[in-house]
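So this block is start-v5.txt, compact mmCIF, C-alpha atoms and all ligand atoms:
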```txt
# COMPACT_ATOMS: atom_id res chain seq x y z
CA MET N 1 11.78 191.63 85.13
CA LYS N 2 12.22 195.37 84.45
CA SER N 3 11.44 197.00 87.74
CA ALA N 4 7.82 197.97 87.57
CA PHE N 5 7.92 198.40 91.33
CA ARG N 6 7.07 201.75 92.81
CA ASP N 7 10.18 203.64 93.92
CA SER N 8 10.72 202.83 97.54
CA ASN N 9 13.53 203.12 100.04
CA LEU N 10 11.85 200.59 102.27
CA PRO N 11 13.35 197.12 102.71
CA ARG N 12 11.76 194.73 100.23
CA VAL N 13 10.12 191.57 101.59
CA ILE N 14 9.35 189.04 98.88
CA ILE N 15 6.77 186.40 99.74
CA ILE N 16 6.59 183.46 97.35
CA GLY N 17 3.13 181.87 97.51
CA GLY N 18 -0.26 183.37 98.27
CA GLY N 19 -1.82 180.46 100.14
CA PHE N 20 -3.01 180.71 103.74
CA ALA N 21 0.57 181.19 104.98
CA GLY N 22 1.62 183.86 102.47
CA LEU N 23 -1.61 185.81 102.84
CA ALA N 24 -1.46 185.68 106.64
CA LEU N 25 1.96 187.31 106.45
CA VAL N 26 0.70 189.93 104.01
CA GLU N 27 -1.97 190.81 106.56
CA LYS N 28 0.69 191.14 109.29
CA LEU N 29 2.96 193.32 107.16
CA LYS N 30 0.37 195.61 105.58
CA HIS N 31 0.95 199.21 106.67
CA LYS N 32 4.39 198.31 108.12
CA GLU N 33 7.62 200.06 107.08
CA VAL N 34 8.49 197.50 104.39
CA GLN N 35 7.69 197.00 100.73
CA VAL N 36 5.95 193.64 100.38
CA VAL N 37 5.95 191.88 97.01
CA LEU N 38 3.78 188.79 96.82
CA PHE N 39 4.65 186.38 94.00
CA ASP N 40 2.37 183.56 92.89
CA LYS N 41 2.21 181.46 89.73
CA ASN N 42 -1.56 182.01 89.71
CA ASN N 43 -3.27 185.37 90.03
CA PHE N 44 -5.76 183.94 92.50
CA HIS N 45 -5.85 182.44 95.98
CA GLN N 46 -7.41 178.99 96.23
CA PHE N 47 -9.36 178.01 99.35
CA GLN N 48 -8.22 174.40 99.48
CA PRO N 49 -10.58 173.00 102.17
CA LEU N 50 -13.48 173.54 99.73
CA PHE N 51 -11.90 171.68 96.79
CA TYR N 52 -14.10 168.68 97.63
CA GLN N 53 -17.24 170.75 97.17
CA VAL N 54 -16.08 171.91 93.72
CA ALA N 55 -15.12 168.34 92.76
CA THR N 56 -18.61 167.13 93.71
CA SER N 57 -20.42 170.06 92.00
CA ALA N 58 -21.71 171.47 95.29
CA LEU N 59 -19.85 174.76 94.66
CA GLU N 60 -18.63 176.59 91.58
CA PRO N 61 -14.91 177.48 91.33
CA ASP N 62 -15.50 181.22 91.65
CA SER N 63 -16.91 180.64 95.15
CA ILE N 64 -13.52 179.47 96.45
CA VAL N 65 -11.02 181.37 94.30
CA PHE N 66 -10.16 184.99 95.02
CA PRO N 67 -7.98 187.36 92.96
CA PHE N 68 -4.86 188.53 94.82
CA ARG N 69 -5.10 192.03 93.41
CA LYS N 70 -8.56 192.47 94.91
CA GLN N 71 -7.32 191.13 98.25
CA ILE N 72 -4.43 193.60 98.47
CA SER N 73 -6.10 196.63 96.93
CA GLY N 74 -5.90 199.38 99.52
CA TYR N 75 -2.62 198.06 100.96
CA LYS N 76 -0.23 200.81 99.86
CA ASN N 77 2.97 198.91 100.70
CA VAL N 78 1.93 195.59 99.09
CA LEU N 79 2.34 194.61 95.44
CA PHE N 80 1.38 191.43 93.62
CA ARG N 81 3.37 189.92 90.77
CA LEU N 82 2.14 186.99 88.70
CA ALA N 83 5.21 184.82 88.05
CA GLU N 84 6.58 181.38 88.79
CA VAL N 85 9.72 181.42 90.90
CA GLU N 86 12.25 179.04 89.40
CA GLU N 87 15.40 179.65 91.40
CA ILE N 88 16.73 181.49 94.42
CA GLN N 89 20.23 182.91 94.51
CA PRO N 90 20.95 183.56 98.21
CA SER N 91 24.43 184.93 97.52
CA THR N 92 22.97 187.87 95.60
CA ASN N 93 19.57 188.09 97.36
CA THR N 94 17.86 187.46 94.05
CA ILE N 95 14.94 185.35 92.92
CA ILE N 96 14.73 184.20 89.33
CA THR N 97 11.22 183.91 87.93
CA ASN N 98 9.86 182.94 84.54
CA LYS N 99 9.54 186.69 83.94
CA GLY N 100 12.90 187.88 85.19
CA ARG N 101 15.05 188.52 88.27
CA VAL N 102 14.10 190.50 91.36
CA HIS N 103 16.19 191.61 94.31
CA PHE N 104 15.00 191.10 97.89
CA ASP N 105 16.08 192.15 101.35
CA TYR N 106 14.01 189.47 103.06
CA LEU N 107 12.61 186.33 101.45
CA VAL N 108 9.72 184.18 102.68
CA LEU N 109 8.96 180.80 101.10
CA ALA N 110 5.28 179.88 101.42
CA THR N 111 4.94 177.59 98.42
CA GLY N 112 2.85 174.89 100.08
CA THR N 113 3.15 171.19 99.37
CA THR N 114 2.69 168.67 96.60
CA THR N 115 0.76 165.41 96.68
CA ASN N 116 2.81 162.60 98.24
CA PHE N 117 2.11 159.10 96.97
CA PHE N 118 4.64 157.61 99.40
CA GLY N 119 6.41 155.76 96.60
CA MET N 120 3.28 153.89 95.47
CA ASP N 121 3.62 154.24 91.69
CA ASN N 122 0.43 152.27 91.01
CA VAL N 123 -1.59 154.66 93.17
CA GLU N 124 0.03 157.65 91.46
CA SER N 125 -0.78 156.38 87.96
CA HIS N 126 -4.38 155.35 88.78
CA SER N 127 -5.57 158.28 90.88
CA LEU N 128 -6.24 161.98 90.56
CA GLY N 129 -4.71 164.52 92.92
CA MET N 130 -6.70 167.35 94.51
CA LYS N 131 -4.25 170.17 95.18
CA SER N 132 -5.62 172.85 92.88
CA ILE N 133 -8.89 174.12 91.47
CA ARG N 134 -7.92 172.51 88.14
CA ASP N 135 -7.53 169.15 89.89
CA SER N 136 -10.98 169.57 91.46
CA LEU N 137 -12.53 170.29 88.07
CA ASN N 138 -10.74 167.28 86.54
CA ILE N 139 -12.29 165.04 89.20
CA ARG N 140 -15.72 166.59 88.64
CA HIS N 141 -15.53 166.10 84.86
CA MET N 142 -14.27 162.54 85.22
CA MET N 143 -17.13 161.64 87.58
CA LEU N 144 -19.75 163.21 85.30
CA GLN N 145 -18.31 161.48 82.23
CA ASN N 146 -18.38 158.12 84.02
CA LEU N 147 -21.97 158.69 85.15
CA ASN N 148 -22.92 159.55 81.56
CA LYS N 149 -21.23 156.40 80.29
CA LEU N 150 -23.07 154.34 82.90
CA GLN N 151 -26.38 155.98 81.99
CA SER N 152 -25.76 155.21 78.29
CA LEU N 153 -25.03 151.56 79.11
CA VAL N 154 -28.25 151.26 81.14
CA MET N 155 -30.27 152.85 78.32
CA ILE N 156 -28.74 150.49 75.73
CA LYS N 157 -29.44 147.50 77.97
CA ASN N 158 -33.07 148.61 78.40
CA VAL N 159 -33.75 148.87 74.65
CA MET N 160 -31.95 145.63 73.74
CA PRO N 161 -34.27 142.62 73.31
C1 LIG V 201 -8.52 169.01 99.55
C2 LIG V 201 -7.92 169.68 100.76
C3 LIG V 201 -8.69 169.89 101.90
C4 LIG V 201 -8.14 170.50 103.02
N1 LIG V 201 -8.93 170.68 104.12
C5 LIG V 201 -8.41 171.32 105.21
C6 LIG V 201 -9.23 171.57 106.36
O1 LIG V 201 -10.41 171.22 106.42
N2 LIG V 201 -8.64 172.21 107.42
C7 LIG V 201 -7.33 172.61 107.40
O2 LIG V 201 -6.86 173.18 108.39
N3 LIG V 201 -6.56 172.40 106.32
C8 LIG V 201 -7.05 171.76 105.24
N4 LIG V 201 -6.26 171.52 104.15
C9 LIG V 201 -4.85 171.91 104.20
C10 LIG V 201 -4.68 173.40 103.95
O3 LIG V 201 -5.47 173.82 102.86
C11 LIG V 201 -3.20 173.65 103.67
O4 LIG V 201 -2.47 173.25 104.83
C12 LIG V 201 -2.92 175.09 103.37
O5 LIG V 201 -3.62 175.49 102.21
C13 LIG V 201 -1.44 175.29 103.19
O6 LIG V 201 -1.23 176.66 103.00
P1 LIG V 201 0.13 177.18 102.40
O7 LIG V 201 0.04 178.67 102.35
O8 LIG V 201 1.27 176.57 103.15
O9 LIG V 201 0.23 176.57 100.94
P2 LIG V 201 -0.78 176.66 99.71
O10 LIG V 201 -2.15 177.04 100.12
O11 LIG V 201 -0.60 175.40 98.93
O12 LIG V 201 -0.21 177.90 98.86
C14 LIG V 201 0.98 177.82 98.16
C15 LIG V 201 0.96 178.90 97.08
O13 LIG V 201 2.25 178.97 96.51
C16 LIG V 201 2.12 179.11 95.11
N5 LIG V 201 3.34 178.58 94.53
C17 LIG V 201 3.86 177.33 94.69
N6 LIG V 201 5.03 177.23 94.05
C18 LIG V 201 5.28 178.45 93.47
C19 LIG V 201 6.35 178.96 92.68
N7 LIG V 201 7.41 178.22 92.35
N8 LIG V 201 6.27 180.23 92.24
C20 LIG V 201 5.18 181.00 92.57
N9 LIG V 201 4.16 180.57 93.33
C21 LIG V 201 4.21 179.31 93.77
C22 LIG V 201 0.88 178.31 94.76
O14 LIG V 201 0.31 178.75 93.54
C23 LIG V 201 -0.02 178.60 95.96
O15 LIG V 201 -0.85 179.73 95.75
C24 LIG V 201 -6.79 170.92 103.01
C25 LIG V 201 -6.01 170.73 101.85
C26 LIG V 201 -6.57 170.12 100.74
C27 LIG V 201 -5.72 169.93 99.49
```

As structure tokens - that is how I would like this structure written.
Ligand SMILES: Cc1cc2nc3c(=O)[nH]c(=O)nc-3n(C[C@H](O)[C@H](O)[C@H](O)COP(=O)(O)OP(=O)(O)OC[C@H]3O[C@@H](n4cnc5c(N)ncnc54)[C@H](O)[C@@H]3O)c2cc1C
Amino acid sequence: MKSAFRDSNLPRVIIIGGGFAGLALVEKLKHKEVQVVLFDKNNFHQFQPLFYQVATSALEPDSIVFPFRKQISGYKNVLFRLAEVEEIQPSTNTIITNKGRVHFDYLVLATGTTTNFFGMDNVESHSLGMKSIRDSLNIRHMMLQNLNKLQSLVMIKNVMP
């Protein structure tokens, strides 16, 4: 990643992950004597506790998804970079992303969790996870498709002699 960062003599704090944890730290470090660079593989924060409401059509995705750049606008010492972090090299204080390498003075990992099926392969292959807005929309579409199929079956049954 060619350094598109503003020139700064401040120590650079890289935060990987803009979930609740990463954003809480951004809030703590805004206006402090450090350069904060927030990395996330998405350009938006996802408010996970409301995934259920999106999955059940009670809310639209844009009600629970917020762009990072809007969140940090006005924070002079905070930058956002859209990239997936693939590797960390502690010996050189470098992160390697799908867009290039970046040096850090301090590194914070706030990458969240993944769905744990506790080794139950049958559950994993027959269920849908809900850890992202895409997952929520998948569940919503699957439910609506199944309801449509059911409705079609009922209609066919009603017109059959
Ligand atoms: C459906 C659901 C309902 C929930 N309800 C509640 C509730 O009611 N109350 C409650 O207290 N908690 C609830 N939780 C839990 C809560 O949402 C999580 O504990 C919280 O979001 C974790 O925050 P985090 O910052 O650790 O991780 P996350 O919010 O998961 O954020 C991690 C971020 O890191 C990014 N990331 C991950 N890997 C990389 C990488 N390699 N490179 C770049 N970026 C990366 C992701 O894109 C993401 O933005 C719920 C969770 C779910 C899934």

request  = Step by step, measure atom-to-atom distances between ligand LIG 201 (chain V) and each residue using all atoms listed in the file, keep those at most 9 Å, then write them as a PyMOL selection string.
outcome  = chain N and resi 16-24+38-52+82-87+97-98+109-115+129-132+136

request  = Rounded to one decimal place, report the atom CA of Lys149 of chain N-atom CA of Thr56 of chain N distance in Å.
outcome  =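 Distance between the two atoms: 17.4 Å.
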
key: atom CA of Val78 of chain N to atom CA of Thr94 of chain N, straight-line distance in Å   = 18.6 Å

query = What is the distance, in Å and to one decimal place, between atom CA of Asp135 of chain N and atom CA of Leu153 of chain N?
reply =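 Those two atoms sit 27.1 Å apart.
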
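Every residue within 12 Å of the file position (-21.2, 167.5, 94.1), judged by all atoms listed in the file, is given as Leu50, Phe51, Tyr52, Gln53, Val54, Ala55, Thr56, Ser57, Ala58, Leu59, Glu60, Ser136, Leu137, Ile139, Arg140, His141, Met143 and Leu144 of chain N.
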
Non-local contacts of Pro90 of chain N (12 Å; only C-alpha atoms; under 3 positions in same chain excluded) as a PyMOL selection string = chain N and resi 87+93-96+102-107

Once you have the residues from the selection above, write them out as a CSV table (one decimal), in the frame of the given file, restricted to C-alpha atoms.
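File written: result.csv
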```csv
chain,number,residue,atom,x,y,z
N,87,GLU,CA,15.4,179.6,91.4
N,93,ASN,CA,19.6,188.1,97.4
N,94,THR,CA,17.9,187.5,94.0
N,95,ILE,CA,14.9,185.4,92.9
N,96,ILE,CA,14.7,184.2,89.3
N,102,VAL,CA,14.1,190.5,91.4
N,103,HIS,CA,16.2,191.6,94.3
N,104,PHE,CA,15.0,191.1,97.9
N,105,ASP,CA,16.1,192.2,101.4
N,106,TYR,CA,14.0,189.5,103.1
N,107,LEU,CA,12.6,186.3,101.4
```

Around all the atoms of segment 138-153 of chain N listed in the file, draw an axis-aligned box and extend it by 6 Å on each of the six sides; I want its centre and edge lengths in Å to one decimal, as lines of an AutoDock Vina configuration file.
```
center_x = -18.6
center_y = 159.4
center_z = 83.7
size_x = 27.6
size_y = 27.7
size_z = 22.9
```

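For Gln35 of chain N, the residues within 8 Å (counting only C-alpha atoms, excluding itself and residues fewer than 5 positions away along the chain) are N:Ser8, N:Leu10, N:Pro11, N:Arg12, N:Val13, N:Asn77, N:Val78, N:Leu79.
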
Could you model all heavy atoms for segment 101-112 of chain N and present them as an mmCIF file, keeping the file's coordinate frame?
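Contents of rebuild_32.cif, freshly written:
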```cif
data_model
loop_
_atom_site.group_PDB
_atom_site.id
_atom_site.type_symbol
_atom_site.label_atom_id
_atom_site.label_comp_id
_atom_site.auth_asym_id
_atom_site.auth_seq_id
_atom_site.Cartn_x
_atom_site.Cartn_y
_atom_site.Cartn_z
ATOM 1 N N ARG N 101 14.403 188.601 86.955
ATOM 2 C CA ARG N 101 15.050 188.520 88.270
ATOM 3 C C ARG N 101 14.586 189.684 89.134
ATOM 4 O O ARG N 101 14.366 190.777 88.630
ATOM 5 C CB ARG N 101 16.574 188.661 88.101
ATOM 6 C CG ARG N 101 17.162 187.784 87.030
ATOM 7 C CD ARG N 101 18.520 188.291 86.601
ATOM 8 N NE ARG N 101 19.510 188.090 87.639
ATOM 9 C CZ ARG N 101 20.253 187.003 87.756
ATOM 10 N NH1 ARG N 101 20.141 186.028 86.867
ATOM 11 N NH2 ARG N 101 21.110 186.870 88.719
ATOM 12 N N VAL N 102 14.499 189.427 90.437
ATOM 13 C CA VAL N 102 14.100 190.500 91.360
ATOM 14 C C VAL N 102 14.954 190.400 92.627
ATOM 15 O O VAL N 102 15.189 189.298 93.141
ATOM 16 C CB VAL N 102 12.600 190.388 91.745
ATOM 17 C CG1 VAL N 102 12.181 191.603 92.563
ATOM 18 C CG2 VAL N 102 11.720 190.260 90.516
ATOM 19 N N HIS N 103 15.381 191.545 93.101
ATOM 20 C CA HIS N 103 16.190 191.610 94.310
ATOM 21 C C HIS N 103 15.298 191.647 95.547
ATOM 22 O O HIS N 103 14.212 192.220 95.515
ATOM 23 C CB HIS N 103 17.088 192.861 94.266
ATOM 24 C CG HIS N 103 17.960 192.993 95.459
ATOM 25 N ND1 HIS N 103 17.579 193.704 96.577
ATOM 26 C CD2 HIS N 103 19.172 192.474 95.740
ATOM 27 C CE1 HIS N 103 18.538 193.620 97.478
ATOM 28 N NE2 HIS N 103 19.522 192.887 96.999
ATOM 29 N N PHE N 104 15.755 191.020 96.632
ATOM 30 C CA PHE N 104 15.000 191.100 97.890
ATOM 31 C C PHE N 104 15.939 191.427 99.039
ATOM 32 O O PHE N 104 17.151 191.177 98.968
ATOM 33 C CB PHE N 104 14.277 189.763 98.178
ATOM 34 C CG PHE N 104 15.201 188.576 98.342
ATOM 35 C CD1 PHE N 104 15.817 188.288 99.554
ATOM 36 C CD2 PHE N 104 15.462 187.722 97.267
ATOM 37 C CE1 PHE N 104 16.656 187.192 99.709
ATOM 38 C CE2 PHE N 104 16.312 186.614 97.407
ATOM 39 C CZ PHE N 104 16.911 186.355 98.631
ATOM 40 N N ASP N 105 15.353 192.005 100.088
ATOM 41 C CA ASP N 105 16.080 192.150 101.350
ATOM 42 C C ASP N 105 15.736 190.995 102.283
ATOM 43 O O ASP N 105 16.591 190.512 103.018
ATOM 44 C CB ASP N 105 15.741 193.496 101.999
ATOM 45 C CG ASP N 105 16.221 194.651 101.130
ATOM 46 O OD1 ASP N 105 17.434 194.747 100.904
ATOM 47 O OD2 ASP N 105 15.373 195.419 100.636
ATOM 48 N N TYR N 106 14.467 190.618 102.267
ATOM 49 C CA TYR N 106 14.010 189.470 103.060
ATOM 50 C C TYR N 106 13.182 188.584 102.139
ATOM 51 O O TYR N 106 12.414 189.090 101.303
ATOM 52 C CB TYR N 106 13.140 189.916 104.237
ATOM 53 C CG TYR N 106 13.862 190.833 105.193
ATOM 54 C CD1 TYR N 106 13.772 192.218 105.052
ATOM 55 C CD2 TYR N 106 14.653 190.318 106.224
ATOM 56 C CE1 TYR N 106 14.451 193.066 105.909
ATOM 57 C CE2 TYR N 106 15.330 191.165 107.092
ATOM 58 C CZ TYR N 106 15.227 192.538 106.923
ATOM 59 O OH TYR N 106 15.901 193.367 107.775
ATOM 60 N N LEU N 107 13.338 187.273 102.312
ATOM 61 C CA LEU N 107 12.610 186.330 101.450
ATOM 62 C C LEU N 107 11.835 185.342 102.304
ATOM 63 O O LEU N 107 12.381 184.770 103.250
ATOM 64 C CB LEU N 107 13.592 185.563 100.557
ATOM 65 C CG LEU N 107 12.968 184.525 99.615
ATOM 66 C CD1 LEU N 107 12.066 185.207 98.577
ATOM 67 C CD2 LEU N 107 14.053 183.719 98.905
ATOM 68 N N VAL N 108 10.564 185.150 101.962
ATOM 69 C CA VAL N 108 9.720 184.180 102.680
ATOM 70 C C VAL N 108 9.208 183.157 101.671
ATOM 71 O O VAL N 108 8.614 183.526 100.653
ATOM 72 C CB VAL N 108 8.521 184.888 103.356
ATOM 73 C CG1 VAL N 108 7.641 183.870 104.076
ATOM 74 C CG2 VAL N 108 9.016 185.957 104.325
ATOM 75 N N LEU N 109 9.453 181.874 101.966
ATOM 76 C CA LEU N 109 8.960 180.800 101.100
ATOM 77 C C LEU N 109 7.668 180.259 101.687
ATOM 78 O O LEU N 109 7.669 179.752 102.810
ATOM 79 C CB LEU N 109 9.986 179.668 100.988
ATOM 80 C CG LEU N 109 11.363 180.059 100.467
ATOM 81 C CD1 LEU N 109 12.258 178.833 100.376
ATOM 82 C CD2 LEU N 109 11.259 180.722 99.109
ATOM 83 N N ALA N 110 6.585 180.381 100.943
ATOM 84 C CA ALA N 110 5.280 179.880 101.420
ATOM 85 C C ALA N 110 4.615 179.147 100.260
ATOM 86 O O ALA N 110 3.470 179.419 99.901
ATOM 87 C CB ALA N 110 4.426 181.040 101.929
ATOM 88 N N THR N 111 5.379 178.209 99.677
ATOM 89 C CA THR N 111 4.940 177.590 98.420
ATOM 90 C C THR N 111 4.096 176.337 98.610
ATOM 91 O O THR N 111 3.762 175.664 97.634
ATOM 92 C CB THR N 111 6.165 177.239 97.550
ATOM 93 O OG1 THR N 111 7.112 176.541 98.364
ATOM 94 C CG2 THR N 111 6.824 178.482 96.988
ATOM 95 N N GLY N 112 3.754 176.008 99.850
ATOM 96 C CA GLY N 112 2.850 174.890 100.080
ATOM 97 C C GLY N 112 3.504 173.541 99.848
ATOM 98 O O GLY N 112 4.719 173.387 99.974
#
```
